Amino acid sequence: MLRAPTVLLLLWLVCGCLSPPGAGAQGPGAPGSQSRGFRLEQNYPNPANPDTYIPFILEASLFEGGEPPVVSIRVINMFNHQVAVPRAVAHPRGSNVPVLNLRYTEAGRKVAYWDGRDMTGKRVPTATYYIVLQVGSHVEYARFTVSAPRRRSRLLPFFRRRGDE
């Protein structure tokens, strides 16, 4: 029985140290990200909320070539598996459009929304996830944590609070 806490501690340490390729140098506000014409900002509200808004900035230099940039945002887990595709809050094609190979026609601050659900519609568990912003062939990562809401105990109904019924 003494092995269980040790194994759990080792798993926690290993999982906390894993990161997607190149994420160490490309966080939000990284020095090299301003020269590419786009920037991924810190998501909000963070932490302890299963849903989040993901702001990003597309600078005017991306639109100088005449061709609008193609933007993709994905949420991946620490094993680099795609969990979800956030949706655009306001886009010329309408709101609630998945930000996957989506063309933006003007520069400025844009926002995407993720409801904390995976591709099948289930709530994701508490873990560390990564936002991947891809504009053309350039990629930027941001790390964030999702905390799943607490579940009520149905085992002991007399411990419920008055508002839970």
# chains A, B, ... in the order shown; residues from 1 in each chain; ligands from 1

$ residues_around --residues "segment 127-137 of chain A" --least-positions-apart "5" --cutoff "7 Å" --atoms "only C-alpha atoms" --output "PyMOL selection string"
chain A and resi 40+69-78+142-147

$ residues_around --residues "Thr52 of chain A" --least-positions-apart "5" --cutoff "10 Å" --atoms "only C-alpha atoms" --output "MDAnalysis selection string"
chainID A and resid 43:47 86 112:116 144 146

$ write_last_selection --atoms "N, CA, C and O atoms" --output "PDB file, in the first residue's frame"
ATOM      1  N   ASN A  43      -5.938  33.283 -21.873  1.00  0.00           N
ATOM      2  CA  ASN A  43      -7.373  32.994 -21.866  1.00  0.00           C
ATOM      3  C   ASN A  43      -7.994  33.444 -20.540  1.00  0.00           C
ATOM      4  O   ASN A  43      -7.292  33.626 -19.549  1.00  0.00           O
ATOM      5  N   TYR A  44      -9.288  33.669 -20.530  1.00  0.00           N
ATOM      6  CA  TYR A  44      -9.975  34.097 -19.314  1.00  0.00           C
ATOM      7  C   TYR A  44     -11.369  33.476 -19.302  1.00  0.00           C
ATOM      8  O   TYR A  44     -11.889  33.133 -20.356  1.00  0.00           O
ATOM      9  N   PRO A  45     -12.068  33.307 -18.214  1.00  0.00           N
ATOM     10  CA  PRO A  45     -11.513  33.349 -16.865  1.00  0.00           C
ATOM     11  C   PRO A  45     -10.677  32.105 -16.614  1.00  0.00           C
ATOM     12  O   PRO A  45     -11.004  31.040 -17.110  1.00  0.00           O
ATOM     13  N   ASN A  46      -9.614  32.267 -15.899  1.00  0.00           N
ATOM     14  CA  ASN A  46      -8.690  31.169 -15.671  1.00  0.00           C
ATOM     15  C   ASN A  46      -8.138  31.319 -14.272  1.00  0.00           C
ATOM     16  O   ASN A  46      -7.779  32.421 -13.888  1.00  0.00           O
ATOM     17  N   PRO A  47      -8.008  30.347 -13.475  1.00  0.00           N
ATOM     18  CA  PRO A  47      -8.405  28.947 -13.611  1.00  0.00           C
ATOM     19  C   PRO A  47      -9.786  28.701 -13.017  1.00  0.00           C
ATOM     20  O   PRO A  47     -10.524  29.637 -12.756  1.00  0.00           O
ATOM     21  N   PRO A  86     -12.272  25.442 -30.657  1.00  0.00           N
ATOM     22  CA  PRO A  86     -13.094  26.557 -30.158  1.00  0.00           C
ATOM     23  C   PRO A  86     -13.872  27.224 -31.290  1.00  0.00           C
ATOM     24  O   PRO A  86     -13.581  27.040 -32.471  1.00  0.00           O
ATOM     25  N   ALA A 112     -12.167  33.742 -29.406  1.00  0.00           N
ATOM     26  CA  ALA A 112     -12.789  32.436 -29.618  1.00  0.00           C
ATOM     27  C   ALA A 112     -13.311  31.947 -28.260  1.00  0.00           C
ATOM     28  O   ALA A 112     -12.818  32.368 -27.211  1.00  0.00           O
ATOM     29  N   TYR A 113     -14.301  31.070 -28.288  1.00  0.00           N
ATOM     30  CA  TYR A 113     -14.905  30.546 -27.062  1.00  0.00           C
ATOM     31  C   TYR A 113     -14.879  29.024 -27.089  1.00  0.00           C
ATOM     32  O   TYR A 113     -15.184  28.403 -28.105  1.00  0.00           O
ATOM     33  N   TRP A 114     -14.494  28.449 -25.943  1.00  0.00           N
ATOM     34  CA  TRP A 114     -14.532  26.997 -25.780  1.00  0.00           C
ATOM     35  C   TRP A 114     -15.356  26.678 -24.548  1.00  0.00           C
ATOM     36  O   TRP A 114     -15.106  27.211 -23.465  1.00  0.00           O
ATOM     37  N   ASP A 115     -16.333  25.808 -24.693  1.00  0.00           N
ATOM     38  CA  ASP A 115     -17.264  25.501 -23.607  1.00  0.00           C
ATOM     39  C   ASP A 115     -16.782  24.412 -22.653  1.00  0.00           C
ATOM     40  O   ASP A 115     -17.527  23.995 -21.769  1.00  0.00           O
ATOM     41  N   GLY A 116     -15.561  23.950 -22.797  1.00  0.00           N
ATOM     42  CA  GLY A 116     -15.026  22.941 -21.890  1.00  0.00           C
ATOM     43  C   GLY A 116     -15.467  21.531 -22.223  1.00  0.00           C
ATOM     44  O   GLY A 116     -15.354  20.631 -21.401  1.00  0.00           O
ATOM     45  N   PHE A 144      -3.016  26.115 -20.197  1.00  0.00           N
ATOM     46  CA  PHE A 144      -4.007  26.493 -19.195  1.00  0.00           C
ATOM     47  C   PHE A 144      -4.542  25.250 -18.515  1.00  0.00           C
ATOM     48  O   PHE A 144      -4.361  24.140 -18.991  1.00  0.00           O
ATOM     49  N   VAL A 146      -7.890  23.313 -16.664  1.00  0.00           N
ATOM     50  CA  VAL A 146      -9.344  23.231 -16.539  1.00  0.00           C
ATOM     51  C   VAL A 146      -9.653  22.493 -15.245  1.00  0.00           C
ATOM     52  O   VAL A 146      -9.085  21.439 -14.978  1.00  0.00           O
TER      53      VAL A 146
END

$ residues_around --residues "segment 61-65 of chain A" --least-positions-apart "6" --cutoff "9 Å" --atoms "only C-alpha atoms" --output "compact mmCIF listing (two decimals) with N, CA, C and O atoms, in the first residue's frame"
# COMPACT_ATOMS: atom_id res chain seq x y z
N ARG A 36 5.75 37.96 -36.16
CA ARG A 36 4.97 37.13 -37.08
C ARG A 36 3.64 37.74 -37.47
O ARG A 36 2.96 37.24 -38.34
N GLY A 37 3.21 38.78 -36.78
CA GLY A 37 1.97 39.43 -37.13
C GLY A 37 0.75 38.94 -36.37
O GLY A 37 -0.36 39.37 -36.64
N PHE A 38 0.93 38.05 -35.42
CA PHE A 38 -0.19 37.61 -34.59
C PHE A 38 0.32 37.30 -33.19
O PHE A 38 1.51 37.10 -32.96
N THR A 105 -10.79 38.67 -42.37
CA THR A 105 -10.63 39.69 -43.41
C THR A 105 -10.08 41.01 -42.90
O THR A 105 -9.72 41.85 -43.70
N GLU A 106 -10.02 41.19 -41.59
CA GLU A 106 -9.48 42.45 -41.07
C GLU A 106 -8.66 42.20 -39.81
O GLU A 106 -8.86 41.22 -39.10
N ALA A 107 -7.74 43.15 -39.57
CA ALA A 107 -6.85 43.04 -38.42
C ALA A 107 -7.60 43.44 -37.14
O ALA A 107 -8.66 44.05 -37.19

$ atom_distance --atom1 "atom CA of Thr120 of chain A" --atom2 "atom CA of Leu100 of chain A"
16.8 Å

$ closest_residue --among "A:Val124, A:Pro68, A:Asn49, A:Tyr104" --to "Val83 of chain A" --atoms "only C-alpha atoms"
A:Val124

$ closest_residue --among "A:His81, A:Arg109, A:His91, A:Arg123" --to "Phe56 of chain A" --atoms "only C-alpha atoms"
A:Arg109
